[in-house]
Every structure is written in C-alpha cells, then in structure tokens.
Amino acid sequence: MNTQEVKTVGCRKAWVAFVAASFCLLIYVMACVTSPPGWSPDSSKIAVLVSPPGDEPEMFAMFTYDIRTGEHVLLDEIKADGVLSAPAWSPDGKWIAYYRVEPSPSEQVSPSSEPNAAVSIGEQAQKTPEDKPDRSAPSTPAEQPFSEENQMLPSFMFELAEEQLEDKNDVKTFDVKLVIATPDGKERETLQVMKWVGDNDEGRKSMVFFRPTWSPDCKRLFYVRALEEAGYTASIDIATGTTYAHLLGATSNPVVSPDGKWAASYLQDGDTLVVSGTDGSVCKYFKLDLEIGGDGPPILDFTFWSPDSRKILVMDKDLALRGIDIASGQTELYKDPDANSIAYPVISSTDKKLYYLGGFRSDEEAHPPQTISLKRMDLQTKRTRTIFTFRLPEIDDDDGGGLFSISPNGKIVLLRTIIKDESGEGKSALIFWDGKTQKIVKTDRWLLKPLYGDSNLIFEEKLIGKWRGEDDLITIAKGTQEKTYKLTWVEEDKEHHAVANLVRLKGMTFLGVFLDESLVEAGSHLLPDVFMRVAQIEPKLTLQAIEYNELAEVLEKAAESIRPEDIGAENISEFERVK
C-alpha cells in the first residue's frame with residue numbers, strides 16, 4: 001500500500017458526495033441482519049435495532065438485551081416511514097446514542113423562500129419531545145449558518161456548500177435527531193435536530209447503518225451530517241450543547257482515537273483517508289492504494305485506532321489489515337499466517353490486543369457449515385492465538401447472510417442473521433458463542449405486545465388426548481410447565497411439536513401456540529406465534545385459526561366481550577376424539 005500525505009487542503013475536490021445514500025439493500029435485511037449492535041463496555045449487554053419481517057416494515061424498535069438473564073428492554077420505537085439508526089453505547093455504560101428520523105419529515109424546501117430554516121448547515125440544538133431540560137447553548141443566529149468560534153473547517157468549504165444550495169430550486173431535506181437514552185429505557189433526550197439535504201427515501205433507509213461515536217471521556221458525542229453533495233463530521237459537548245464541525249468525509253460512523261485527540265473519515269472515493277485533530281489544529285489526507293469505499297458500510301466500519309492513538313488501522317476489501325502511522329505516513333501489514341483473513345477486528349478493552357475471526361469466508365464457495373475461529377493478535381509482536389472455534393449454522397444468503405460482532409472484552413462472538421423455524425419461516429436471530437455454549441435468541445417476538453397476562457391462563461383437562469381431523473392426527477398432552485400443553489402432529493411424514501397456552505379473552509377461549517417451543521425464553525410465554533380459537537371441545541374439538549394482528553384488532557374494538565361474528569367463519573377445523 002502506498003500512502004501520501006496531501007500537503008494542502010485548499011482543493012474543491014474535498015467536497016464529495018456523501019456515501020450513505022448509495023446503499024441499496026432491502027430495509028428489513030439491513031435492520032435485522034446488517035445493522036451493527038452496540039455493546040455495553042463490560043460486554044454483558046447489547047443494544048440492537050429490530051424490525052418486523054417484510055420488505056417495508058411498519059416499525060423500528062431499539063432494545064437492550066442482557067446476555068446472561070435474557071431480559072430485553074425497549075428503548076425507543078418508531079412507526080410508518082420513520083427510521084432509527086444503529087446504537088452506540090457510551091464508554092461509562094450510562095447512555096446509548098443513536099439517530100432518529102421521524103415518520104413525517106420535510107419533503108421539499110426552497111432556499112429562496114426559506115433560506116435558513118431548511119438549508120442552514122450550522123449545528124443547532126432544540127428541546128426534546130420528552131420535555132427534558134435543554135442543555136445546549138443558544139442557537140446560532142439564522143443569518144450566520146456557522147459560528148466562527150466553533151468553525152474547524154476551512155471557510156471556503158462553507159462557501160462551496162452555500163453555492164451548491166443556491167443552484168437548487170428545490171432542495172429535499174429530512175430531519176435527523178441526535179438522541180441519547182439510558183439503557184433501562186427510563187430516560188431519553190434529544191441533543192440535536194439537524195436538516196439533512198438529500199434524497200429522502202435512500203438517505204433515510206441508510207440510517208440503520210449510521211451510529212454516533214462517543215469521546216473516550218464521554219463528554220462529547222461525534223456525529224455525521226449530510227448535504228446533497230457533501231458530508232462532514234461534527235461533535236456536541238453533552239454538558240453545554242456547544243457544537244463543532246471537524247472534518248469532511250463519507251464514513252457513516254466517525255472514528256475517534258482513544259486519547260480523544262483525533263478524528264478520521266474517508267472521502268467518497270474510499271481511497272482517501274482524512275485525519276483531523278479534534279481541536280482543529282491539523283488536518284491530514286492520506287491517499288491509499290486500497291479498494292475500500294465500494295463495499296459499503298461493513299468495511300468502512302472496520303477502521304479503528306491503535307491503543308496508543310499513533311496508528312489508524314484500515315481494513316480493505318480482501319480483509320487485509322494495515323496500520324498507518326499518522327505522524328510519518330508509513331504503513332505496516334498485520335497478517336495471520338494461519339488464517340486466510342482478519343475479519344471483524346476489534347481492539348479489546350481489557351488487554352488492548354486485536355481480536356478477530358479467522359477462517360471466515362464470504363465468497364460464493366463458502367458454503368455452511370463453516371468452521372470459524374476467534375483469534376487474538378498482539379499488535380507489538382504480531383503473535384497470534386486461537387481463543388475458541390465454532391461452526392456456523394445454516395443461514396439464508398438470500399436474506400443478507402449475517403453480520404458478526406465481537407464483544408469489547410474479546411470473549412463473545414455475536415452473529416445477527418436469519419434462521420428458519422420448524423415451519424420453514426425465516427426469523428431474525430442473535431446467535432452468541434463464548435467458547436463453551438451457543439445461545440440462539442429470536443428477536444421478532446420482541447416487537448409484539450402481549451394480548452394476555454398470566455391471570456388469563458386457564459387449563460382444561462378435556463383438551464388432553466388424541467384428535468383426528470380430516471387430514472391430521474393431533475396429540476395434545478400436558479406440558480412440562482404449569483398450565484401448558486404439548487402438541488404433536490405428523491405432516492408429510494415428519495413429526496412436528498409445539499407448546500401452547502389456553503387463555504380466556506373477553507368471553508372467548510384461545511390456544512396460544514408456540515411453534516418453536518420457546519416458552520422457556522424470558523418474557524416469551526405471553527407471545528405465541530399463532531392463536532387458535534377453541535369454539536368447543538365436546539362432542540367435537542372445533543378450532544379456528546386467527547392471526548396475531550387480527551386478534552389484536554378484534555380485542556381492541558370489542559368493548560366487553562367478543563362475538564363470533566367479530567372473527568368470522570373462516571379457517572375452522574373439526575377434530576374427533578380418538579378413544
């Protein structure tokens with residue numbers, strides 16, 4: 001790799017198109033598979049963005065998940081065409097930061113009619129919808145899009161931005177909020193509301209890849225800002241609300257050094273690395289002989305600093321790792337002689353060593369099950385060690401494959417992916433490995449609101465037995481847990497199993513059926529996969545299938561009790577008892 005420090009920043013080529021609007025993955029795949037999780041500093045929890053199945057999901061939700069207890073807590077949710085970004089956990093573990101795009105953003109604003117309300121690219125803070133105290137400094141006057149005391153980019157760059165906007169009769173914009181929330185979901189505050197200039201649909205969809213970056217001392221939050229033909233990194237002082245513009249770039253996630261003195265990004269071409277002092281003292285450009293930008297956010301996200309803040313490490317498209325000395329421009333290759341790649345690298349917060357996946361392959365020849373190793377490298381001696389090895393389960397490449405992540409302490413590997421349940425339906429899942437066990441957590445059910453509580457559970461002995469229908473033979477037995485049933489049936493010469501609750505809701509009785517026997521999961525015993533109305537048990541067992549959303553609507557509309565006509569007469573099956 002050849003690096004060359006650019007001696008001057010006075011070049012109009014510094015203004016480049018923001019890369020975020022070019023991503024073209026399906027929004028469900030992005031949110032459920034490739035939106036990166038945020039790890040708590042002690043590696044005990046994650047914050048993760050979840051959306052329901054479908055090409056155009058009706059909502060996004062952000063949760064924290066406790067790996068040991070299985071408890072998940074809702075932090076925020078947004079419906080319709082709103083979007084939440086990937087989360088970023090603060091180094092002290094007290095806050096989680098993310099971007100929020102409301103469902104009804106501004107569509108088009110003309111600079112000539114509203115010159116400052118829509119296209120001002122100065123940093124402004126506003127009150128939050130939760131009516132929390134506004135900790136930010138007074139807004140910059142409208143006639144001055146930038147405050148000189150906060151300006152850390154050359155003035156000609158601002159002038160170029162204004163020229164671009166003046167040439168547009170109609171400028172599309174959307175609002176982006178910079179939000180922080182406590183991990184327990186009890187507090188949430190909007191620090192900043194920004195106008196982003198660009199295509200609404202593509203720009204907003206790409207937000208699931210974005211996430212802010214905390215300073216090591218947790219006093220500042222770094223974030224990106226998009227214009228139609230430019231983008232830059234800025235930061236906000238959490239205590240005072242003072243904002244700074246730092247450097248141009250196209251990286252969706254700012255890269256801040258461990259000592260807090262440097263910030264880094266890429267230009268649109270993906271081959272030019274920009275390193276700037278966070279105090280505005282110096283700005284360096286490095287030209288790289290690497291193909292980085294074309295492969296999108298997963299590669300761009302794996303640019304990070306050495307523990308001593310002297311080198312910035314860059315991952316190229318071939319999963320090779322290079323270190324660039326920001327003082328001299330010299331580069332160093334980090335390579336594992338026993339592995340074909342260094343994938344998903346992270347610097348451990350405990351021993352400051354490099355942890356990564358060895359044996360990972362993403363090409364067409366890499367058919368599962370793959371054997372992958374969590375490995376460790378000493379950056380000084382380059383000695384490597386295998387921590388543990390695991391086998392990758394069957395995953396559906398049509399749904400984006402998946403995204404790995406390694407915990408800050410280097411002891412846990414997480415895979416976000418789509419796996420198929422017993423019925424063959426794809427479910428979004430988190431798969432954890434710690435070298436001893438594998439833990440699979442399905443997250444689609446987190447988005448459901450319980451339609452009943454423990455007080456609604458009943459048990460009827462008459463349901464137990466064998467029941468023959470027109471095409472099926474179903475066995476219903478007592479479940480292993482209190483007030484549960486176990487269902488067994490044969491379909492296409494394959495035996496299937498499920499568990500169920502019997503519940504009484506507004507005068508009707510329903511079987512809440514769990515197809516993957518997930519009653520043991522924390523909080524899941526009130527969230528079945530499908531409901532079956534039990535119209536009668538004797539002399540024949542009469543069941544009527546009803547979807548979760550349909551039943552939720554019926555329950556909401558019914559004042560006191562549900563009538564048969566509220567559900568209709570479809571999907572009814574009869575079974576006779578086998579003696």
# chains A, B, ... in the order shown; residues from 1 in each chain; ligands from 1

call {"tool": "residues_around", "arguments": {"residues": "Glu482 (chain A)", "least_positions_apart": "2", "cutoff": "12 Å", "atoms": "only C-alpha atoms", "output": "PyMOL selection string"}}
result
chain A and resi 454+457-459+478-480+484-486+499-502+519-520+525

call {"tool": "residues_around", "arguments": {"residues": "Arg211 (chain A)", "least_positions_apart": "6", "cutoff": "7 Å", "atoms": "only C-alpha atoms", "output": "MDAnalysis selection string"}}
result
chainID A and resid 85:88 98:99 253

call {"tool": "select_by_dssp", "arguments": {"residues": "region 285-509 of chain A", "states": "alpha helix (DSSP H)", "output": "PyMOL selection string"}}
result
chain A and resi 297-300

call {"tool": "closest_residue", "arguments": {"among": "A:Gly402, A:Gly507, A:Pro183, A:Pro393", "to": "Lys439 (chain A)", "atoms": "only C-alpha atoms"}}
result
A:Pro393

call {"tool": "closest_atom_pairs", "arguments": {"of": "region 373-437 of chain A", "to": "region 328-336 of chain A", "cutoff": "10 Å", "atoms": "only C-alpha atoms", "output": "Markdown table"}}
result
| residue | atom | partner | partner_atom | distance |
| --- | --- | --- | --- | --- |
| A:Lys375 | CA | A:Asp336 | CA | 9.4 |
| A:Arg376 | CA | A:Asp336 | CA | 9.6 |
| A:Met377 | CA | A:Asp336 | CA | 8.2 |
| A:Leu379 | CA | A:Tyr334 | CA | 8.0 |
| A:Lys382 | CA | A:Tyr334 | CA | 7.2 |
| A:Arg383 | CA | A:Asp336 | CA | 8.5 |
| A:Thr384 | CA | A:Asp336 | CA | 7.0 |
| A:Arg385 | CA | A:Asp336 | CA | 9.7 |
